[in-house]
Each structure stands twice: as C-alpha cells, then as structure tokens.
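Structure file run_2.pdb with PDB, C-alpha atoms:
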ATOM      1  CA  MET Y   1      14.176  16.238  -8.877
ATOM      2  CA  LEU Y   2      12.753  12.921  -7.764
ATOM      3  CA  ARG Y   3       9.178  13.008  -6.435
ATOM      4  CA  ILE Y   4       7.997  10.088  -4.305
ATOM      5  CA  ILE Y   5       4.490   9.779  -2.874
ATOM      6  CA  SER Y   6       3.216   7.329  -0.265
ATOM      7  CA  ALA Y   7      -0.542   6.778   0.009
ATOM      8  CA  ASN Y   8      -2.597   4.334   2.057
ATOM      9  CA  LEU Y   9      -5.776   4.098  -0.018
ATOM     10  CA  ASN Y  10      -7.968   2.060   2.364
ATOM     11  CA  GLY Y  11      -9.222   0.360  -0.800
ATOM     12  CA  ILE Y  12      -8.021   1.266  -4.291
ATOM     13  CA  ARG Y  13     -11.540   0.992  -5.699
ATOM     14  CA  SER Y  14     -12.854   3.367  -3.047
ATOM     15  CA  ALA Y  15     -10.003   5.827  -3.658
ATOM     16  CA  ALA Y  16     -10.654   5.691  -7.407
ATOM     17  CA  ASN Y  17     -14.271   6.685  -6.801
ATOM     18  CA  LYS Y  18     -13.041   9.642  -4.730
ATOM     19  CA  GLY Y  19     -10.868  11.078  -7.509
ATOM     20  CA  PHE Y  20      -7.484   9.569  -6.722
ATOM     21  CA  PHE Y  21      -6.431   8.930 -10.321
ATOM     22  CA  PRO Y  22      -7.150  12.429 -11.702
ATOM     23  CA  TRP Y  23      -5.029  13.677  -8.789
ATOM     24  CA  VAL Y  24      -2.246  11.210  -9.642
ATOM     25  CA  ALA Y  25      -2.199  12.502 -13.219
ATOM     26  CA  LYS Y  26      -1.356  16.012 -11.964
ATOM     27  CA  GLN Y  27       1.445  15.052  -9.557
ATOM     28  CA  ASN Y  28       4.352  14.452 -11.963
ATOM     29  CA  ALA Y  29       5.553  11.803  -9.515
ATOM     30  CA  ASP Y  30       8.355   9.363 -10.267
ATOM     31  CA  PHE Y  31       7.018   6.811  -7.772
ATOM     32  CA  ILE Y  32       3.704   6.427  -5.980
ATOM     33  CA  CYS Y  33       3.753   3.761  -3.279
ATOM     34  CA  LEU Y  34       0.341   2.366  -2.357
ATOM     35  CA  GLN Y  35      -0.837   0.481   0.697
ATOM     36  CA  GLU Y  36      -4.078  -1.253   1.635
ATOM     37  CA  LEU Y  37      -5.254  -2.020  -1.896
ATOM     38  CA  LYS Y  38      -8.054  -4.248  -0.586
ATOM     39  CA  ALA Y  39      -8.209  -5.809  -4.044
ATOM     40  CA  GLN Y  40      -6.973  -8.732  -6.103
ATOM     41  CA  ALA Y  41      -5.741  -8.692  -9.693
ATOM     42  CA  ALA Y  42      -9.214  -9.496 -11.031
ATOM     43  CA  ASP Y  43     -10.623  -6.375  -9.336
ATOM     44  CA  MET Y  44      -8.178  -3.978 -10.981
ATOM     45  CA  THR Y  45      -9.183  -1.747 -13.886
ATOM     46  CA  LEU Y  46      -6.714  -0.754 -16.607
ATOM     47  CA  GLU Y  47      -6.381   2.673 -14.979
ATOM     48  CA  MET Y  48      -5.566   1.071 -11.630
ATOM     49  CA  LEU Y  49      -3.015  -1.261 -13.204
ATOM     50  CA  ASN Y  50      -1.199   1.318 -15.333
ATOM     51  CA  PRO Y  51      -2.131   4.990 -14.962
ATOM     52  CA  PRO Y  52      -0.983   7.030 -17.979
ATOM     53  CA  GLY Y  53       2.807   7.331 -18.033
ATOM     54  CA  LEU Y  54       3.313   4.907 -15.151
ATOM     55  CA  TYR Y  55       4.033   1.196 -14.740
ATOM     56  CA  GLY Y  56       2.126  -0.576 -11.973
ATOM     57  CA  TYR Y  57       3.477  -3.372  -9.760
ATOM     58  CA  PHE Y  58       1.515  -5.080  -6.995
ATOM     59  CA  HIS Y  59       1.710  -7.578  -4.162
ATOM     60  CA  TYR Y  60      -1.833  -8.713  -3.408
ATOM     61  CA  ALA Y  61      -3.010 -10.378  -0.229
ATOM     62  CA  GLU Y  62      -4.450 -13.868  -0.523
ATOM     63  CA  LYS Y  63      -7.498 -12.829   1.502
ATOM     64  CA  LYS Y  64     -10.037 -10.912  -0.570
ATOM     65  CA  GLY Y  65     -10.614  -7.264   0.273
ATOM     66  CA  TYR Y  66      -7.584  -7.113   2.551
ATOM     67  CA  SER Y  67      -4.187  -5.422   2.711
ATOM     68  CA  GLY Y  68      -2.026  -5.428  -0.438
ATOM     69  CA  VAL Y  69       0.631  -2.985  -1.628
ATOM     70  CA  GLY Y  70       1.722  -1.527  -4.946
ATOM     71  CA  VAL Y  71       4.069   0.911  -6.646
ATOM     72  CA  TYR Y  72       3.514   3.077  -9.707
ATOM     73  CA  ALA Y  73       6.849   3.877 -11.375
ATOM     74  CA  ARG Y  74       7.785   6.172 -14.248
ATOM     75  CA  THR Y  75      10.605   3.812 -15.284
ATOM     76  CA  GLN Y  76      10.673   0.033 -15.297
ATOM     77  CA  PRO Y  77      12.849  -1.606 -12.612
ATOM     78  CA  LEU Y  78      15.548  -4.202 -13.109
ATOM     79  CA  GLN Y  79      13.846  -6.493 -10.589
ATOM     80  CA  VAL Y  80      10.609  -6.690  -8.621
ATOM     81  CA  ILE Y  81      10.651  -8.392  -5.205
ATOM     82  CA  GLU Y  82       7.344  -9.437  -3.667
ATOM     83  CA  GLY Y  83       7.347 -10.232   0.025
ATOM     84  CA  LEU Y  84       9.961 -10.864   2.692
ATOM     85  CA  GLY Y  85      10.260 -14.618   2.178
ATOM     86  CA  VAL Y  86       8.125 -15.397   5.236
ATOM     87  CA  PRO Y  87       4.928 -17.208   4.140
ATOM     88  CA  GLU Y  88       2.645 -16.028   6.956
ATOM     89  CA  ILE Y  89       3.666 -12.423   6.264
ATOM     90  CA  ASP Y  90       3.752 -12.629   2.491
ATOM     91  CA  SER Y  91       0.252 -14.115   2.272
ATOM     92  CA  GLU Y  92      -0.983 -10.733   3.548
ATOM     93  CA  GLY Y  93       0.649  -8.707   0.734
ATOM     94  CA  ARG Y  94       2.736  -6.279   2.782
ATOM     95  CA  TYR Y  95       6.048  -5.709   0.955
ATOM     96  CA  LEU Y  96       6.977  -4.770  -2.603
ATOM     97  CA  GLU Y  97      10.443  -3.625  -3.723
ATOM     98  CA  LEU Y  98      11.446  -2.200  -7.103
ATOM     99  CA  VAL Y  99      15.175  -2.596  -7.677
ATOM    100  CA  TYR Y 100      17.149  -0.247  -9.916
ATOM    101  CA  ASP Y 101      20.866   0.028 -10.561
ATOM    102  CA  GLN Y 102      21.539   2.484  -7.746
ATOM    103  CA  HIS Y 103      18.194   2.673  -5.916
ATOM    104  CA  SER Y 104      15.399   0.604  -4.421
ATOM    105  CA  ILE Y 105      11.901   1.969  -3.885
ATOM    106  CA  ILE Y 106       9.742  -0.014  -1.458
ATOM    107  CA  SER Y 107       6.086   0.035  -0.468
ATOM    108  CA  VAL Y 108       5.463  -1.533   2.923
ATOM    109  CA  TYR Y 109       2.375  -1.927   5.096
ATOM    110  CA  LEU Y 110       2.987  -3.013   8.677
ATOM    111  CA  PRO Y 111       0.145  -4.850  10.409
ATOM    112  CA  SER Y 112      -2.198  -3.065  12.763
ATOM    113  CA  GLY Y 113      -2.559  -4.609  16.186
ATOM    114  CA  SER Y 114      -5.656  -2.673  17.154
ATOM    115  CA  SER Y 115      -8.202  -5.407  16.413
ATOM    116  CA  GLY Y 116      -7.003  -7.764  19.139
ATOM    117  CA  GLU Y 117      -4.138  -9.487  20.905
ATOM    118  CA  HIS Y 118      -3.663 -12.027  18.089
ATOM    119  CA  ARG Y 119      -3.045  -9.217  15.604
ATOM    120  CA  GLN Y 120      -0.661  -7.426  17.960
ATOM    121  CA  THR Y 121       1.274 -10.698  18.198
ATOM    122  CA  ALA Y 122       1.366 -10.839  14.391
ATOM    123  CA  LYS Y 123       2.562  -7.238  14.324
ATOM    124  CA  PHE Y 124       5.435  -7.964  16.720
ATOM    125  CA  ALA Y 125       6.387 -11.015  14.619
ATOM    126  CA  PHE Y 126       6.448  -8.844  11.495
ATOM    127  CA  MET Y 127       8.587  -6.242  13.267
ATOM    128  CA  GLU Y 128      11.107  -8.894  14.292
ATOM    129  CA  HIS Y 129      11.491 -10.246  10.752
ATOM    130  CA  PHE Y 130      11.452  -6.778   9.255
ATOM    131  CA  TYR Y 131      14.198  -5.459  11.531
ATOM    132  CA  THR Y 132      16.529  -8.170  10.271
ATOM    133  CA  HIS Y 133      15.567  -7.302   6.708
ATOM    134  CA  LEU Y 134      16.151  -3.585   7.333
ATOM    135  CA  ALA Y 135      19.610  -4.357   8.717
ATOM    136  CA  THR Y 136      20.454  -6.226   5.513
ATOM    137  CA  LEU Y 137      18.853  -3.657   3.243
ATOM    138  CA  VAL Y 138      20.763  -0.694   4.649
ATOM    139  CA  LYS Y 139      23.998  -2.453   3.639
ATOM    140  CA  CYS Y 140      22.881  -3.427   0.111
ATOM    141  CA  GLY Y 141      24.910  -0.707  -1.613
ATOM    142  CA  ARG Y 142      21.867   1.000  -3.147
ATOM    143  CA  GLN Y 143      20.060   4.124  -1.985
ATOM    144  CA  VAL Y 144      16.729   2.968  -0.566
ATOM    145  CA  VAL Y 145      13.430   4.706   0.193
ATOM    146  CA  LEU Y 146      10.809   2.754   2.142
ATOM    147  CA  CYS Y 147       7.356   4.280   1.847
ATOM    148  CA  GLY Y 148       4.339   3.208   3.733
ATOM    149  CA  ASP Y 149       1.973   2.908   6.623
ATOM    150  CA  TRP Y 150       4.094   1.658   9.534
ATOM    151  CA  ASN Y 151       1.165   1.764  12.000
ATOM    152  CA  ILE Y 152       3.439   3.275  14.660
ATOM    153  CA  ALA Y 153       3.543   6.879  15.844
ATOM    154  CA  HIS Y 154       7.129   7.354  16.942
ATOM    155  CA  ASN Y 155       7.035  10.212  19.447
ATOM    156  CA  GLU Y 156       4.557  12.275  21.449
ATOM    157  CA  ILE Y 157       4.466  14.996  18.787
ATOM    158  CA  ASP Y 158       3.320  12.400  16.254
ATOM    159  CA  LEU Y 159      -0.235  12.137  17.544
ATOM    160  CA  LYS Y 160      -2.746  14.456  19.149
ATOM    161  CA  ASN Y 161      -3.878  12.339  22.092
ATOM    162  CA  TRP Y 162      -0.600  10.704  23.070
ATOM    163  CA  LYS Y 163      -1.388  10.465  26.786
ATOM    164  CA  GLY Y 164      -4.549   8.491  26.118
ATOM    165  CA  ASN Y 165      -2.878   6.095  23.683
ATOM    166  CA  MET Y 166       0.192   4.916  25.597
ATOM    167  CA  LYS Y 167      -1.368   1.482  26.117
ATOM    168  CA  ASN Y 168      -2.850   1.222  22.634
ATOM    169  CA  SER Y 169      -1.437  -0.450  19.540
ATOM    170  CA  GLY Y 170       0.409   2.071  17.422
ATOM    171  CA  PHE Y 171       1.896   3.912  20.393
ATOM    172  CA  LEU Y 172       3.047   1.098  22.650
ATOM    173  CA  PRO Y 173       6.461   1.599  24.283
ATOM    174  CA  GLU Y 174       7.783  -1.551  22.578
ATOM    175  CA  GLU Y 175       6.706  -0.309  19.140
ATOM    176  CA  ARG Y 176       8.208   3.137  19.653
ATOM    177  CA  ALA Y 177      11.476   1.664  20.963
ATOM    178  CA  TRP Y 178      11.669  -0.599  17.922
ATOM    179  CA  LEU Y 179      11.304   2.379  15.592
ATOM    180  CA  THR Y 180      13.966   4.269  17.558
ATOM    181  CA  LYS Y 181      16.326   1.331  16.983
ATOM    182  CA  VAL Y 182      15.576   1.433  13.251
ATOM    183  CA  PHE Y 183      16.790   5.030  13.196
ATOM    184  CA  ALA Y 184      19.486   5.091  15.876
ATOM    185  CA  ASP Y 185      21.020   1.615  15.543
ATOM    186  CA  LEU Y 186      20.493   0.792  11.872
ATOM    187  CA  GLY Y 187      20.993   4.317  10.570
ATOM    188  CA  TRP Y 188      17.758   4.868   8.643
ATOM    189  CA  THR Y 189      16.397   8.432   8.352
ATOM    190  CA  ASP Y 190      12.826   9.581   8.945
ATOM    191  CA  VAL Y 191      12.773  11.979   5.985
ATOM    192  CA  TYR Y 192       9.736  14.057   6.962
ATOM    193  CA  ARG Y 193      11.163  14.611  10.448
ATOM    194  CA  ARG Y 194      14.516  15.601   8.978
ATOM    195  CA  LEU Y 195      12.752  18.443   7.163
ATOM    196  CA  HIS Y 196      10.150  19.255   9.819
ATOM    197  CA  PRO Y 197      11.610  18.245  13.199
ATOM    198  CA  GLU Y 198       9.010  20.024  15.334
ATOM    199  CA  ALA Y 199       5.818  19.783  13.257
ATOM    200  CA  THR Y 200       2.781  18.558  15.190
ATOM    201  CA  GLY Y 201      -0.778  18.875  13.828
ATOM    202  CA  GLU Y 202       0.341  19.567  10.274
ATOM    203  CA  ALA Y 203       2.341  16.309  10.317
ATOM    204  CA  TYR Y 204      -0.586  13.932  10.851
ATOM    205  CA  THR Y 205      -1.354  11.476   8.069
ATOM    206  CA  TRP Y 206      -4.230   9.412   9.522
ATOM    207  CA  TRP Y 207      -7.477  10.227  11.298
ATOM    208  CA  SER Y 208      -9.948   7.813  12.841
ATOM    209  CA  ASN Y 209     -13.433   7.772  11.348
ATOM    210  CA  ARG Y 210     -14.803   8.145  14.867
ATOM    211  CA  GLY Y 211     -15.634  11.255  16.852
ATOM    212  CA  GLN Y 212     -14.981  13.935  14.198
ATOM    213  CA  ALA Y 213     -11.251  13.200  14.314
ATOM    214  CA  TRP Y 214     -10.695  14.723  10.856
ATOM    215  CA  ALA Y 215     -12.668  17.879  11.601
ATOM    216  CA  LYS Y 216     -10.848  18.362  14.907
ATOM    217  CA  ASN Y 217      -7.454  17.226  13.529
ATOM    218  CA  VAL Y 218      -7.140  14.490  16.143
ATOM    219  CA  GLY Y 219      -4.647  12.606  14.043
ATOM    220  CA  TRP Y 220      -1.605  10.366  13.999
ATOM    221  CA  ARG Y 221       1.591  10.453  11.928
ATOM    222  CA  ILE Y 222       1.961   6.803  10.941
ATOM    223  CA  ASP Y 223       2.827   7.110   7.229
ATOM    224  CA  TYR Y 224       6.527   7.529   6.522
ATOM    225  CA  GLN Y 225       9.256   7.776   3.958
ATOM    226  CA  ILE Y 226      12.257   6.184   5.655
ATOM    227  CA  ALA Y 227      15.491   6.286   3.672
ATOM    228  CA  THR Y 228      19.186   5.543   3.650
ATOM    229  CA  PRO Y 229      21.182   8.604   4.748
ATOM    230  CA  GLU Y 230      22.596   9.694   1.396
ATOM    231  CA  ILE Y 231      19.289  10.021  -0.429
ATOM    232  CA  ALA Y 232      17.557  11.307   2.715
ATOM    233  CA  ALA Y 233      20.033  14.196   2.791
ATOM    234  CA  THR Y 234      18.848  15.296  -0.674
ATOM    235  CA  ALA Y 235      15.208  15.737   0.422
ATOM    236  CA  LYS Y 236      14.168  19.330  -0.231
ATOM    237  CA  ALA Y 237      10.442  19.491   0.448
ATOM    238  CA  ALA Y 238       7.785  17.408   2.168
ATOM    239  CA  ALA Y 239       4.031  17.911   2.165
ATOM    240  CA  ILE Y 240       0.948  16.061   3.344
ATOM    241  CA  TYR Y 241      -1.902  16.515   0.873
ATOM    242  CA  LYS Y 242      -5.204  17.285   2.589
ATOM    243  CA  ASP Y 243      -7.150  19.329   0.031
ATOM    244  CA  GLU Y 244      -9.025  16.203  -1.068
ATOM    245  CA  ARG Y 245      -9.771  13.041   0.871
ATOM    246  CA  PHE Y 246      -9.186   9.767  -0.935
ATOM    247  CA  SER Y 247      -8.930   7.700   2.256
ATOM    248  CA  ASP Y 248      -8.681   7.959   6.045
ATOM    249  CA  HIS Y 249      -4.967   8.600   5.330
ATOM    250  CA  ALA Y 250      -3.441  11.574   3.502
ATOM    251  CA  PRO Y 251      -0.725  11.174   0.845
ATOM    252  CA  LEU Y 252       2.837  12.029   1.915
ATOM    253  CA  ILE Y 253       4.786  13.766  -0.866
ATOM    254  CA  ILE Y 254       8.563  14.259  -0.727
ATOM    255  CA  ASP Y 255      10.823  15.803  -3.353
ATOM    256  CA  TYR Y 256      14.462  14.735  -3.477
ATOM    257  CA  ASP Y 257      17.215  16.648  -5.249
ATOM    258  CA  THR Y 258      18.463  13.563  -7.068
ATOM    259  CA  VAL Y 259      17.610  11.436 -10.087
ATOM    260  CA  LEU Y 260      17.550   7.714 -10.760
TER     261      LEU Y 260
END

Show me this structure written as structure tokens.
Amino acid sequence: MLRIISANLNGIRSAANKGFFPWVAKQNADFICLQELKAQAADMTLEMLNPPGLYGYFHYAEKKGYSGVGVYARTQPLQVIEGLGVPEIDSEGRYLELVYDQHSIISVYLPSGSSGEHRQTAKFAFMEHFYTHLATLVKCGRQVVLCGDWNIAHNEIDLKNWKGNMKNSGFLPEERAWLTKVFADLGWTDVYRRLHPEATGEAYTWWSNRGQAWAKNVGWRIDYQIATPEIAATAKAAAIYKDERFSDHAPLIIDYDTVL
C-alpha cells in the first residue's frame, strides 16, 4: 500500500505546537504533502526538516510568514522541482514536485482570492498558468498525485453554505468551471470523490475561524488529492482526520493499492 497525506498547516510552527509531529510519527505514511508553512529555512527545527524516517523537501515563499509548501517522503526522489517557472508565482512558494522513476508526488497551494480583488486576479493568473502545466503533466508518462489546498470547492455538496457563497472567492462560477475542465477535459481524477461520490459534511476539510464554523460543521472541501487515472483507480480508502486539530484544515489521508 501507498499512503499519501495532504495537510494545510496554517503555519508549521503552530501545527508543531499542536502535536502534528507525534501524529505524523504514527501514520506510517509514504508521503506527507504540506501547504502554508508560513516559515523560512531559518525557522525550521530539525524535526520539521526531517521527521524520523522521512526526508523533507520545501519550497519557501520569499515573504516571511507566508505560504510555502513541502513534502515529507520515505524515499529520496530522483529530482526535486521547485516552482512552475513563473517568477511572480514562484516567489510565493506554491509548488513542489518530487520526481521518481514511475511517479511524481506534488504539493501545491493555490492562492486565495478572498482578501481582495488584487488577490483574486492573482488567483486567476495562477489558474491559467497551472492549467497549461497540468495539461503537460498528465502526458509526462509517470503516475502523478497532486496534493494540496486548491482553494476551490468544486460542487454544491462540497460546502455547507453554497447558496450564500456563489459570489465569493472559492466558489465562483469561473473557478468551479476551471476545476471541471481539469477533470473532464484533461482527464485528472478527484480521488476522494471517486471513493465517496455523495459525501457532504464528512467531506469538509476547512472551517472558518468565525461563527463556530467548526462546532457547527459549516465547512468547505478545498483540500484534494488529484491524480492521473491509473493510480487514482488503485485508491482503496480515504479519510479526513478530525480527532485532533493542528490547523483550520484537516489532513486528507488516502491509501493506494500500489507501490513506488
């Protein structure tokens, strides 16, 4: 089995203080993809850099306390690719790919557009570049799993208050249509939805810190594992871990009946 976990930490130092690394030690995961490190290399402890039995790889944002992605891997990759080759995107630390002989494992963190029109514009620009990259990646000849916070809820069942959010970033018609094209036109698979096509409240991975959203389960499903069809078809189990809270997101755990 191959176990892959995706976790937006909303700050790796904060998550560490909330018990993230003792939890990691018990997961027997092959890959743990991290988003929103909110740290630079100088901020990282030895445990954060290389948890026992894992190799850590990171793409930090230039801005302190902002964005950043990483991957913990049980085996060392043949190649590590940081960024998409677009300076204004790569300065924000949003893409990290570990390349193996037959597989690529990717941690990606799409921008949020909720803080203002300028950030929504940046999000649309990212989506445009990323779509082209996804089209290339799906034809690379390797099996690929993209893990991360995509900051888009795809369908109405992917968030509690969908009617009230149709004009808000994260559930805009243009964003949802773009994600539909990723699946329908490019051929990528939403692995959680393949296993749980009708799940609603139990599928949420993020809750606002406002208005008792966590307590009332007023959530969104915006964290994904999106994969090429062959490896997606081997997925056997998917779970969202909610017994402990390391962040405003919950880790997404998927087991695949395959090996690297």

Could you list, with a cut-off of 8 Å and counting all atoms listed in the file, the residues of range 122-213 of chain Y near range 99-117 of chain Y, each shown with its nearest atom pair and the distance in Å rounded to one decimal, rows sorted by chain and ascending number, as JSON lines?
{"residue": "Y:Ala122", "atom": "CA", "partner": "Y:Pro111", "partner_atom": "CA", "distance": 7.3}
{"residue": "Y:Lys123", "atom": "CA", "partner": "Y:Pro111", "partner_atom": "CA", "distance": 5.2}
{"residue": "Y:Phe126", "atom": "CA", "partner": "Y:Leu110", "partner_atom": "CA", "distance": 7.3}
{"residue": "Y:Met127", "atom": "CA", "partner": "Y:Leu110", "partner_atom": "CA", "distance": 7.9}
{"residue": "Y:Gly141", "atom": "CA", "partner": "Y:Gln102", "partner_atom": "CA", "distance": 7.7}
{"residue": "Y:Arg142", "atom": "CA", "partner": "Y:Gln102", "partner_atom": "CA", "distance": 4.8}
{"residue": "Y:Gln143", "atom": "CA", "partner": "Y:His103", "partner_atom": "CA", "distance": 4.6}
{"residue": "Y:Val144", "atom": "CA", "partner": "Y:Ser104", "partner_atom": "CA", "distance": 4.7}
{"residue": "Y:Val145", "atom": "CA", "partner": "Y:Ile105", "partner_atom": "CA", "distance": 5.1}
{"residue": "Y:Leu146", "atom": "CA", "partner": "Y:Ile106", "partner_atom": "CA", "distance": 4.7}
{"residue": "Y:Cys147", "atom": "CA", "partner": "Y:Ser107", "partner_atom": "CA", "distance": 5.0}
{"residue": "Y:Gly148", "atom": "CA", "partner": "Y:Val108", "partner_atom": "CA", "distance": 4.9}
{"residue": "Y:Asp149", "atom": "CA", "partner": "Y:Tyr109", "partner_atom": "CA", "distance": 5.1}
{"residue": "Y:Trp150", "atom": "CA", "partner": "Y:Leu110", "partner_atom": "CA", "distance": 4.9}
{"residue": "Y:Asn151", "atom": "CA", "partner": "Y:Ser112", "partner_atom": "CA", "distance": 5.9}
{"residue": "Y:Asn168", "atom": "CA", "partner": "Y:Ser114", "partner_atom": "CA", "distance": 7.3}
{"residue": "Y:Ser169", "atom": "CA", "partner": "Y:Ser114", "partner_atom": "CA", "distance": 5.3}
{"residue": "Y:Gly170", "atom": "CA", "partner": "Y:Ser112", "partner_atom": "CA", "distance": 7.4}

Residues returned when the PyMOL selection byres ((chain Y and resi 192) around 10) runs on this file, as a PyMOL selection string: chain Y and resi 189-191+193-197+199+203+223-226+232+235-240+252-254

Two-atom distance - CA of Trp220 in chain Y, CA of Leu172 in chain Y (Å):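 Between these atoms lies a distance of 13.5 Å.
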
May I ask for the distance between CA of Trp207 in chain Y and CA of Phe171 in chain Y, given in Å to one decimal place?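 Separation of CA of Trp207 in chain Y and CA of Phe171 in chain Y: 14.5 Å.
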
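Our summary of the geometry notes that CA of Glu128 in chain Y is positioned 27.6 Å from CA of Lys160 in chain Y.
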